[in-house]
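Trainee: Supplied structure: entry_28.txt, compact mmCIF, C-alpha atoms.
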```txt
# COMPACT_ATOMS: atom_id res chain seq x y z
CA MET A 82 0.00 0.00 0.00
CA THR A 83 1.39 3.39 -0.93
CA HIS A 84 1.65 6.24 1.49
CA LEU A 85 1.88 10.01 1.47
CA ASP A 86 3.91 12.35 3.69
CA GLY A 87 2.88 13.56 7.11
CA ASN A 88 2.57 16.96 5.47
CA ALA A 89 -0.69 15.74 3.91
CA ALA A 90 -2.25 15.47 7.40
CA ALA A 91 -1.81 19.18 8.01
CA GLY A 92 -5.38 20.12 7.05
CA ASP A 93 -7.14 17.62 9.31
CA LEU A 94 -4.73 18.27 12.19
CA ARG A 95 -5.29 22.00 11.91
CA THR A 96 -9.02 21.48 12.49
CA ILE A 97 -8.06 20.24 15.97
CA PHE A 98 -4.88 22.10 16.86
CA ALA A 99 -4.25 25.85 16.82
CA VAL A 100 -0.67 25.26 15.60
CA ASP A 101 0.74 23.36 12.64
CA VAL A 102 1.69 20.04 14.23
CA THR A 103 3.30 18.79 10.99
CA THR A 104 6.23 21.18 11.57
CA ALA A 105 6.69 19.84 15.12
CA THR A 106 9.49 17.40 15.82
CA GLY A 107 8.25 14.15 17.29
CA GLN A 108 10.05 11.28 18.94
CA CYS A 109 8.99 7.76 17.97
CA ALA A 110 8.08 5.70 21.01
CA GLY A 111 9.21 2.60 19.14
CA CYS A 112 12.77 3.40 18.10
CA GLY A 113 13.52 6.86 19.47
CA GLN A 114 14.02 8.57 16.11
CA THR A 115 13.17 12.25 16.13
CA ALA A 116 11.83 13.83 12.95
CA PRO A 117 9.31 16.44 11.84
CA LEU A 118 5.83 14.94 11.72
CA GLY A 119 5.55 16.30 8.18
CA SER A 120 8.20 13.82 7.07
CA ALA A 121 6.46 10.74 8.50
CA GLN A 122 4.81 8.12 6.30
CA LEU A 123 1.10 8.88 6.10
CA TYR A 124 -1.44 6.22 5.20
CA ASN A 125 -4.84 7.73 4.47
CA GLN A 126 -6.59 5.17 2.25
CA ALA A 127 -8.68 4.11 5.23
CA PRO A 128 -11.43 5.41 7.49
CA GLY A 129 -8.73 7.36 9.33
CA MET A 130 -5.15 8.49 8.92
CA VAL A 131 -2.14 6.64 10.27
CA ALA A 132 1.31 8.25 10.50
CA ARG A 133 4.23 5.85 10.79
CA CYS A 134 7.91 6.25 11.65
CA THR A 135 10.19 6.33 8.60
CA ASN A 136 12.83 4.38 10.52
CA CYS A 137 10.92 1.53 12.20
CA ASP A 138 7.38 1.74 10.72
CA ALA A 139 5.82 1.99 14.20
CA VAL A 140 2.51 3.87 14.40
CA LEU A 141 3.13 7.43 15.62
CA LEU A 142 -0.35 8.91 15.36
CA ARG A 143 -3.84 7.92 14.33
CA LEU A 144 -6.64 10.32 13.54
CA VAL A 145 -10.23 9.50 12.72
CA THR A 146 -12.67 12.28 11.96
CA ALA A 147 -16.44 12.21 11.73
CA PRO A 148 -18.98 15.01 11.55
CA GLY A 149 -18.55 16.97 14.76
CA ARG A 150 -16.03 14.59 16.34
CA ALA A 151 -12.44 13.39 16.04
CA TRP A 152 -10.45 10.61 17.68
CA LEU A 153 -6.73 11.15 18.11
CA ASP A 154 -4.26 8.51 19.28
CA VAL A 155 -0.69 9.74 19.84
CA ARG A 156 0.64 6.97 22.06
CA GLY A 157 3.33 6.25 19.46
CA LEU A 158 4.96 9.62 20.16
CA THR A 159 6.92 10.11 23.37
CA TYR A 160 6.89 13.86 22.77
CA LEU A 161 6.21 16.62 20.28
CA GLN A 162 8.49 19.63 20.21
CA LEU A 163 6.50 22.63 19.01
CA GLU A 164 7.80 25.98 17.88
CA THR A 165 6.15 28.65 20.01
CA ALA A 166 8.03 31.76 18.94
CA MET B 22 5.63 36.66 5.43
CA ALA B 23 5.70 36.76 9.21
CA ARG B 24 3.45 34.18 10.77
CA ALA B 25 2.49 33.91 14.40
CA ALA B 26 3.11 30.51 15.95
CA VAL B 27 -0.47 30.22 17.15
CA LEU B 28 -2.74 30.29 14.14
CA GLY B 29 -6.12 29.36 15.51
CA ARG B 30 -8.09 26.35 14.39
CA LEU B 31 -8.74 26.05 10.71
CA THR B 32 -12.21 26.25 9.21
CA TRP B 33 -13.64 25.97 5.72
CA ARG B 34 -13.84 29.18 3.72
CA ALA B 35 -16.00 30.05 0.75
CA ALA B 36 -14.02 30.53 -2.45
CA THR B 37 -15.04 31.64 -5.93
CA VAL B 38 -13.36 30.72 -9.19
CA ALA B 39 -12.15 34.08 -10.50
CA ALA B 40 -10.23 32.96 -13.59
CA MET B 41 -9.04 29.85 -15.39
CA ARG B 42 -6.10 29.16 -17.67
CA ASP B 43 -5.16 25.99 -19.52
CA GLU B 44 -1.53 25.05 -18.90
CA THR B 45 -1.42 21.92 -21.08
CA ALA B 46 -4.01 19.80 -22.89
CA THR B 47 -5.10 18.46 -19.49
CA ALA B 48 -3.77 20.69 -16.68
CA ARG B 49 -5.65 23.83 -15.74
CA THR B 50 -4.86 26.68 -13.36
CA LEU B 51 -7.74 28.05 -11.30
CA THR B 52 -7.47 31.46 -9.68
CA LEU B 53 -9.57 31.43 -6.51
CA ASP B 54 -10.92 34.44 -4.67
CA ILE B 55 -11.06 33.72 -0.94
CA ALA B 56 -12.29 36.54 1.28
CA GLY B 57 -9.97 37.00 4.25
CA TRP B 58 -7.21 34.75 2.91
CA PRO B 59 -4.40 35.03 5.50
CA GLY B 60 -1.52 34.57 3.04
CA HIS B 61 0.71 31.51 2.66
CA LEU B 62 4.23 30.23 2.22
CA ALA B 63 5.63 28.76 -0.99
CA GLY B 64 5.02 25.01 -0.94
CA GLN B 65 1.87 25.06 1.19
CA HIS B 66 -1.34 23.48 0.01
CA VAL B 67 -5.07 23.93 0.36
CA ASP B 68 -7.74 21.33 0.91
CA ILE B 69 -10.68 21.72 -1.48
CA ARG B 70 -14.05 20.22 -0.55
CA LEU B 71 -16.85 19.41 -2.97
CA THR B 72 -20.31 18.59 -1.68
CA ALA B 73 -22.85 16.68 -3.74
CA PRO B 74 -26.59 17.46 -3.58
CA ASP B 75 -27.07 14.40 -1.35
CA GLY B 76 -24.50 15.70 1.15
CA TYR B 77 -21.66 13.39 0.11
CA THR B 78 -18.37 15.25 0.38
CA ALA B 79 -14.92 14.67 -1.10
CA VAL B 80 -11.79 16.50 0.04
CA ARG B 81 -8.48 16.64 -1.82
CA SER B 82 -5.27 18.61 -1.32
CA TYR B 83 -3.85 20.89 -4.01
CA SER B 84 -0.58 22.76 -3.92
CA ILE B 85 -0.73 26.52 -4.19
CA ALA B 86 1.12 27.70 -7.31
CA SER B 87 1.15 31.45 -6.67
CA VAL B 88 2.93 33.69 -4.20
CA ALA B 89 0.88 35.39 -1.51
CA ASP B 90 -1.19 38.13 -3.16
CA GLY B 91 -4.17 39.41 -1.19
CA ASP B 92 -7.30 37.28 -1.39
CA ARG B 93 -6.24 35.36 -4.50
CA ILE B 94 -4.46 32.06 -4.91
CA ASP B 95 -3.73 29.92 -7.95
CA VAL B 96 -3.97 26.15 -7.90
CA THR B 97 -3.00 24.03 -10.91
CA VAL B 98 -4.93 20.80 -11.26
CA GLU B 99 -3.97 17.78 -13.36
CA PRO B 100 -6.99 15.48 -13.60
CA VAL B 101 -6.52 12.03 -12.12
CA ARG B 102 -8.20 9.23 -14.02
CA ASP B 103 -11.36 8.11 -12.15
CA GLY B 104 -10.75 10.91 -9.66
CA GLU B 105 -13.66 12.35 -7.67
CA VAL B 106 -12.44 15.94 -7.45
CA SER B 107 -9.68 16.72 -9.96
CA PRO B 108 -11.68 16.02 -13.17
CA TYR B 109 -14.36 18.42 -11.93
CA LEU B 110 -11.80 21.13 -11.13
CA ALA B 111 -9.86 20.65 -14.36
CA ARG B 112 -12.77 20.29 -16.79
CA VAL B 113 -16.16 21.21 -15.36
CA VAL B 114 -15.93 24.10 -12.94
CA GLY B 115 -16.43 27.57 -14.40
CA VAL B 116 -15.65 31.17 -13.56
CA GLY B 117 -17.96 32.35 -10.79
CA ASP B 118 -18.54 28.86 -9.36
CA PRO B 119 -18.21 28.43 -5.59
CA LEU B 120 -15.86 26.01 -3.84
CA GLU B 121 -14.97 25.34 -0.21
CA VAL B 122 -11.32 25.77 0.74
CA ARG B 123 -9.36 25.10 3.93
CA GLY B 124 -5.88 26.46 4.29
CA PRO B 125 -3.13 27.27 3.90
CA VAL B 126 -1.81 24.07 5.44
CA GLY B 127 1.48 22.24 5.68
CA GLY B 128 4.49 24.12 7.05
CA TRP B 129 7.06 21.36 6.44
CA PHE B 130 7.32 21.30 2.65
CA THR B 131 7.90 25.06 2.38
CA TRP B 132 10.59 27.46 1.27
CA ARG B 133 11.07 30.76 3.10
CA ALA B 134 12.89 33.75 1.66
CA ALA B 135 15.16 33.78 4.72
CA GLN B 136 16.74 30.52 3.48
CA SER B 137 20.03 31.26 1.73
CA GLU B 138 21.35 27.73 1.11
CA PRO B 139 21.21 26.09 -2.35
CA VAL B 140 17.85 24.61 -3.25
CA GLN B 141 17.39 21.60 -5.48
CA LEU B 142 13.88 21.19 -6.85
CA VAL B 143 12.87 17.85 -8.37
CA ALA B 144 9.41 17.61 -9.96
CA GLY B 145 7.52 14.65 -11.34
CA GLY B 146 4.59 15.70 -13.54
CA SER B 147 2.22 18.05 -11.71
CA GLY B 148 4.60 17.88 -8.75
CA VAL B 149 6.07 20.99 -10.33
CA VAL B 150 3.23 23.11 -8.89
CA PRO B 151 4.56 23.79 -5.35
CA LEU B 152 8.08 24.06 -6.77
CA MET B 153 6.87 26.75 -9.18
CA ALA B 154 5.51 28.58 -6.13
CA MET B 155 9.02 28.42 -4.65
CA LEU B 156 10.58 29.77 -7.85
CA ARG B 157 8.02 32.57 -7.90
CA ALA B 158 8.61 33.33 -4.22
CA ARG B 159 12.36 33.44 -4.82
CA ALA B 160 11.87 35.95 -7.65
CA ALA B 161 9.37 38.01 -5.63
CA ALA B 162 11.85 38.23 -2.75
CA ALA B 163 14.80 38.90 -5.09
CA SER B 164 16.53 36.07 -3.22
CA ALA B 165 20.07 35.17 -4.22
CA ALA B 166 19.71 31.56 -3.03
CA PRO B 167 20.97 29.27 -5.82
CA PHE B 168 18.09 27.21 -7.23
CA GLN B 169 18.11 24.34 -9.70
CA LEU B 170 15.14 22.42 -11.12
CA LEU B 171 14.99 18.91 -12.51
CA TYR B 172 11.56 18.32 -14.06
CA SER B 173 10.46 14.86 -15.13
CA THR B 174 7.53 14.84 -17.53
CA ARG B 175 6.12 12.53 -20.15
CA ARG B 176 6.53 14.63 -23.27
CA PRO B 177 7.50 18.15 -24.28
CA ASP B 178 3.80 19.10 -24.51
CA THR B 179 3.05 17.97 -20.96
CA VAL B 180 5.34 20.61 -19.43
CA ILE B 181 3.28 22.83 -17.10
CA TYR B 182 4.35 26.52 -16.94
CA HIS B 183 6.51 25.99 -20.05
CA ASP B 184 6.83 29.63 -21.09
CA GLU B 185 7.43 30.92 -17.58
CA LEU B 186 10.07 28.26 -16.98
CA SER B 187 11.77 29.28 -20.22
CA ARG B 188 11.93 32.83 -18.88
CA CYS B 189 13.42 31.50 -15.62
CA VAL B 190 16.09 29.74 -17.70
CA ALA B 191 16.78 32.98 -19.57
CA ASP B 192 17.23 34.61 -16.16
CA GLY B 193 19.80 31.99 -15.22
CA LEU B 194 17.89 29.08 -13.68
CA PRO B 195 19.62 25.75 -14.37
CA LEU B 196 16.66 23.63 -15.52
CA SER B 197 16.86 20.08 -16.80
CA TYR B 198 14.01 18.07 -18.28
CA ALA B 199 13.76 14.31 -18.04
CA TYR B 200 11.27 13.10 -20.65
CA THR B 201 9.89 9.67 -19.86
CA ARG B 202 7.88 8.90 -23.03
CA THR B 203 8.75 11.21 -25.92
CA VAL B 204 11.76 13.49 -26.31
CA PRO B 205 12.14 16.55 -28.55
CA ALA B 206 14.00 16.07 -31.86
CA GLY B 207 17.74 15.90 -31.29
CA TRP B 208 17.40 15.43 -27.50
CA PRO B 209 20.55 13.70 -26.21
CA ARG B 210 18.89 11.41 -23.65
CA PRO B 211 16.44 8.71 -24.76
CA PRO B 212 13.06 8.62 -22.97
CA ALA B 213 13.81 7.44 -19.45
CA ARG B 214 12.94 8.04 -15.84
CA VAL B 215 15.19 9.98 -13.50
CA ASP B 216 18.10 7.80 -12.44
CA ALA B 217 21.27 8.12 -10.37
CA ALA B 218 23.39 9.18 -13.35
CA LEU B 219 21.03 12.02 -14.27
CA LEU B 220 20.79 13.20 -10.67
CA ALA B 221 24.59 13.25 -10.42
CA ALA B 222 24.85 15.19 -13.68
CA VAL B 223 22.25 17.92 -13.22
CA THR B 224 21.56 18.43 -9.50
CA PHE B 225 23.51 19.97 -6.62
CA ALA B 226 26.06 17.58 -5.14
CA PRO B 227 25.61 16.44 -1.52
CA ASP B 228 28.71 18.40 -0.47
CA GLU B 229 26.99 21.62 -1.57
CA HIS B 230 24.43 20.88 1.18
CA PRO B 231 21.30 21.85 -0.72
CA THR B 232 17.83 21.61 0.71
CA CYS B 233 16.00 19.33 -1.71
CA TYR B 234 12.28 19.46 -2.44
CA VAL B 235 10.93 16.43 -4.27
CA CYS B 236 7.29 16.43 -5.35
CA GLY B 237 5.28 14.14 -7.60
CA PRO B 238 3.51 10.80 -7.72
CA THR B 239 4.38 8.51 -4.83
CA ALA B 240 6.53 6.09 -6.83
CA PHE B 241 8.50 8.96 -8.38
CA VAL B 242 9.14 10.64 -5.04
CA GLU B 243 10.10 7.34 -3.42
CA THR B 244 12.62 6.58 -6.17
CA VAL B 245 14.17 10.05 -6.33
CA ALA B 246 14.39 10.53 -2.57
CA ASP B 247 16.02 7.12 -2.14
CA LEU B 248 18.53 7.87 -4.92
CA MET B 249 19.40 11.24 -3.39
CA VAL B 250 19.95 9.79 0.08
CA ALA B 251 22.00 6.95 -1.43
CA ALA B 252 24.10 9.58 -3.23
CA GLY B 253 24.96 11.14 0.11
CA HIS B 254 22.30 13.80 0.73
CA ASP B 255 21.22 14.17 4.35
CA ALA B 256 17.79 12.50 4.59
CA GLN B 257 16.51 15.38 6.72
CA ARG B 258 17.34 17.81 3.91
CA VAL B 259 15.39 15.86 1.32
CA ARG B 260 11.84 17.06 1.83
CA THR B 261 9.14 15.15 0.02
CA GLU B 262 5.54 15.65 -0.99
CA ARG B 263 3.82 12.64 -2.46
CA PHE B 264 0.69 13.15 -4.50
CA GLY B 265 -0.40 9.54 -4.16
CA GLY B 266 -1.12 7.19 -7.03
CA PRO B 267 0.99 4.20 -8.01
```
What does the file become when written as C-alpha cells?
Mentor:
Amino acid sequence: MTHLDGNAAAGDLRTIFAVDVTTATGQCAGCGQTAPLGSAQLYNQAPGMVARCTNCDAVLLRLVTAPGRAWLDVRGLTYLQLETA
Amino acid sequence: MARAAVLGRLTWRAATVAAMRDETATARTLTLDIAGWPGHLAGQHVDIRLTAPDGYTAVRSYSIASVADGDRIDVTVEPVRDGEVSPYLARVVGVGDPLEVRGPVGGWFTWRAAQSEPVQLVAGGSGVVPLMAMLRARAAAASAAPFQLLYSTRRPDTVIYHDELSRCVADGLPLSYAYTRTVPAGWPRPPARVDAALLAAVTFAPDEHPTCYVCGPTAFVETVADLMVAAGHDAQRVRTERFGGP
C-alpha cells in the first residue's frame, strides 16, 4: 500500500490544533528517532489516517474524523516539540 | 511573510473561481478568490471540498502555485483518471462557481525567503506546482539563493508553466528536463525516468548541502528521494511531498 507524507495530514490536524503540528518534531516511542511529523509516512486510504515512523514503521499517530467529532491517538509519540516563537 | 506561531483552528472558507487558464491539454490553473485569505508560504497546500446534492463530500489537497497576493491564490490541477475531485476542477468548474477551501496548510514542505542555502527542486509531472511557487517566491523576494530544477515529464507538450520556466532559464535558472515517453527532436537522452546518473549530472552535489524538495507521484518521489539519500544527501534535507497514485 502506498503512502503520502505527514505533510498531507496538516489540514485535518489544523481542524483540531491551533498550531501546525506537521512542523513539530516528534520522537517515535518505538525506536527513538526524532523527525518532523511532516516527514512521517502517512497512510490515508482508510477510514482514518495513520502516521508511521520512517525508521521503524511503528505507528506514531492515528486520527479518525467524523462530523462533529475526532479521535486522536498519539501513544506512538513520546513527545512533540512545538515551535512557540 | 511573518506568521504567528499560534494560528487558531482552521475552518472551511467560501471561495469563488475568478479565472481559469489551460496550462497543457489536461492541466488547468484556477485562480480562486477567498475573502480573508491570510496569506501563505511557498510550498503550502489547500484542501478543497466538494459537496454533492445528497451531502456526500470529497476533500483533496492541491498545492498553491502562486505567491501570496491578497485574497487570490492559484492552484493548478492535473486530472486524475477516475478521480472524484480533480476532473471536476480541471474540466467542469467555471468562472464564478463556488468552492470550499481550507488552508493554507502544511508548514514542512515550504521554502522561506530567509533561506540562503542552495535549493534543489525535483518535480515529477504536476509535482512541479509547489516548486513553481518556490521559484516565484524566490523571484518576488529577489533572493540570491541558488536554485536548480529537474523536471520529469512525459513529453514536451506535458510541461506545465513551459513559457514561464523558459523565462526563468533565460534569467539563469539551471533547468533540466527528463522526458519519460517522448523526447524533442535531437534530445541527447532517450526517454527514461530519473536515475542516479542524471541526478549526479544535473543536481547539486551532496557536499553543496542543498535543501532538496521532491514532489510528484508517490513512486517517483520514493525513487528520487532514495537515490538522493543513497548519493549522500542528508535525509533530513530531502523534503518530500507525495501526491499519491501508483
Trainee: Show me, as a list in words, the residues of chain B whose atoms get within 7 Å of chain A, using all atoms listed in the file for the distance check.
Mentor: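 Listing them in order of chain and number gives Ala26, Val27, Leu28, Gly29, Arg30, Leu31, Thr32, Asp68, Gly124, Val126, Gly127, Gly128, Trp129, Thr239, Thr261, Glu262, Arg263, Phe264 and Gly265 of chain B.
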Trainee: So, counting all atoms listed in the file, which residue among B:Pro119, B:Ala222, B:Ala160, B:Trp132 is closest to Cys189 in chain B?
Mentor: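 Counting all atoms listed in the file, the residue closest to Cys189 in chain B is B:Ala160.
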Trainee: Do you have the CA of Val259 in chain B-CA of Glu185 in chain B distance handy?
Mentor: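 Computing it gives 25.4 Å between the two atoms.
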Trainee: Name all residues at most 7 Å from Ser197 in chain B (count only C-alpha atoms; drop same-chain ones fewer than 4 positions away) and give them as a list of chain:residue names.
Mentor: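 Close residues of Ser197 in chain B: B:Leu170, B:Leu171, B:Tyr172, B:Val223.
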Trainee: Between CA of Ala35 in chain B and CA of Ser87 in chain B, what is the distance, to one decimal in Å?
Mentor: 18.7 Å
Trainee: Can you work out the spacing between CA of Gly237 in chain B and CA of Ser164 in chain B in Å, to one decimal?
Mentor: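 Computing the Euclidean distance for CA of Gly237 in chain B and CA of Ser164 in chain B yields 25.0 Å.
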Trainee: Using only C-alpha atoms, can you tell me which of B:Arg102, B:Arg214, B:Arg123, B:Arg49 comes closest to Arg70 in chain B?
Mentor: B:Arg123
Trainee: Neighbouring residues of Thr72 in chain B were defined as those with any atom within 9 Å, considering all atoms listed in the file; residues of the same chain fewer than 6 positions away were excluded. Please report them as a CSV table (one decimal) with C-alpha atoms, in the coordinates of the input.
Mentor:
```csv
chain,number,residue,atom,x,y,z
B,78,THR,CA,-18.4,15.2,0.4
B,79,ALA,CA,-14.9,14.7,-1.1
B,80,VAL,CA,-11.8,16.5,0.0
B,120,LEU,CA,-15.9,26.0,-3.8
B,121,GLU,CA,-15.0,25.3,-0.2
```
Trainee: Can you tell me which residues surround Pro227 in chain B at a distance of at most 8 Å, considering only C-alpha atoms, apart from same-chain residues fewer than 5 positions away, and format the answer as a ChimeraX atom specification?
Mentor: /B:252-255
Trainee: Do you know which residues are at most 10 Å from Arg156 in chain A counting all atoms listed in the file, after dropping those on the same chain fewer than 6 positions away, and could you put them as a VMD selection string?
Mentor: chain A and resid 109 to 110 140 to 143
Trainee: Show me, as a PyMOL selection string, the residues that have an atom within 8 Å of Thr174 in chain B when counting all atoms listed in the file, minus same-chain residues fewer than 5 positions from it.
Mentor: chain B and resi 145-146+179-180+198-201
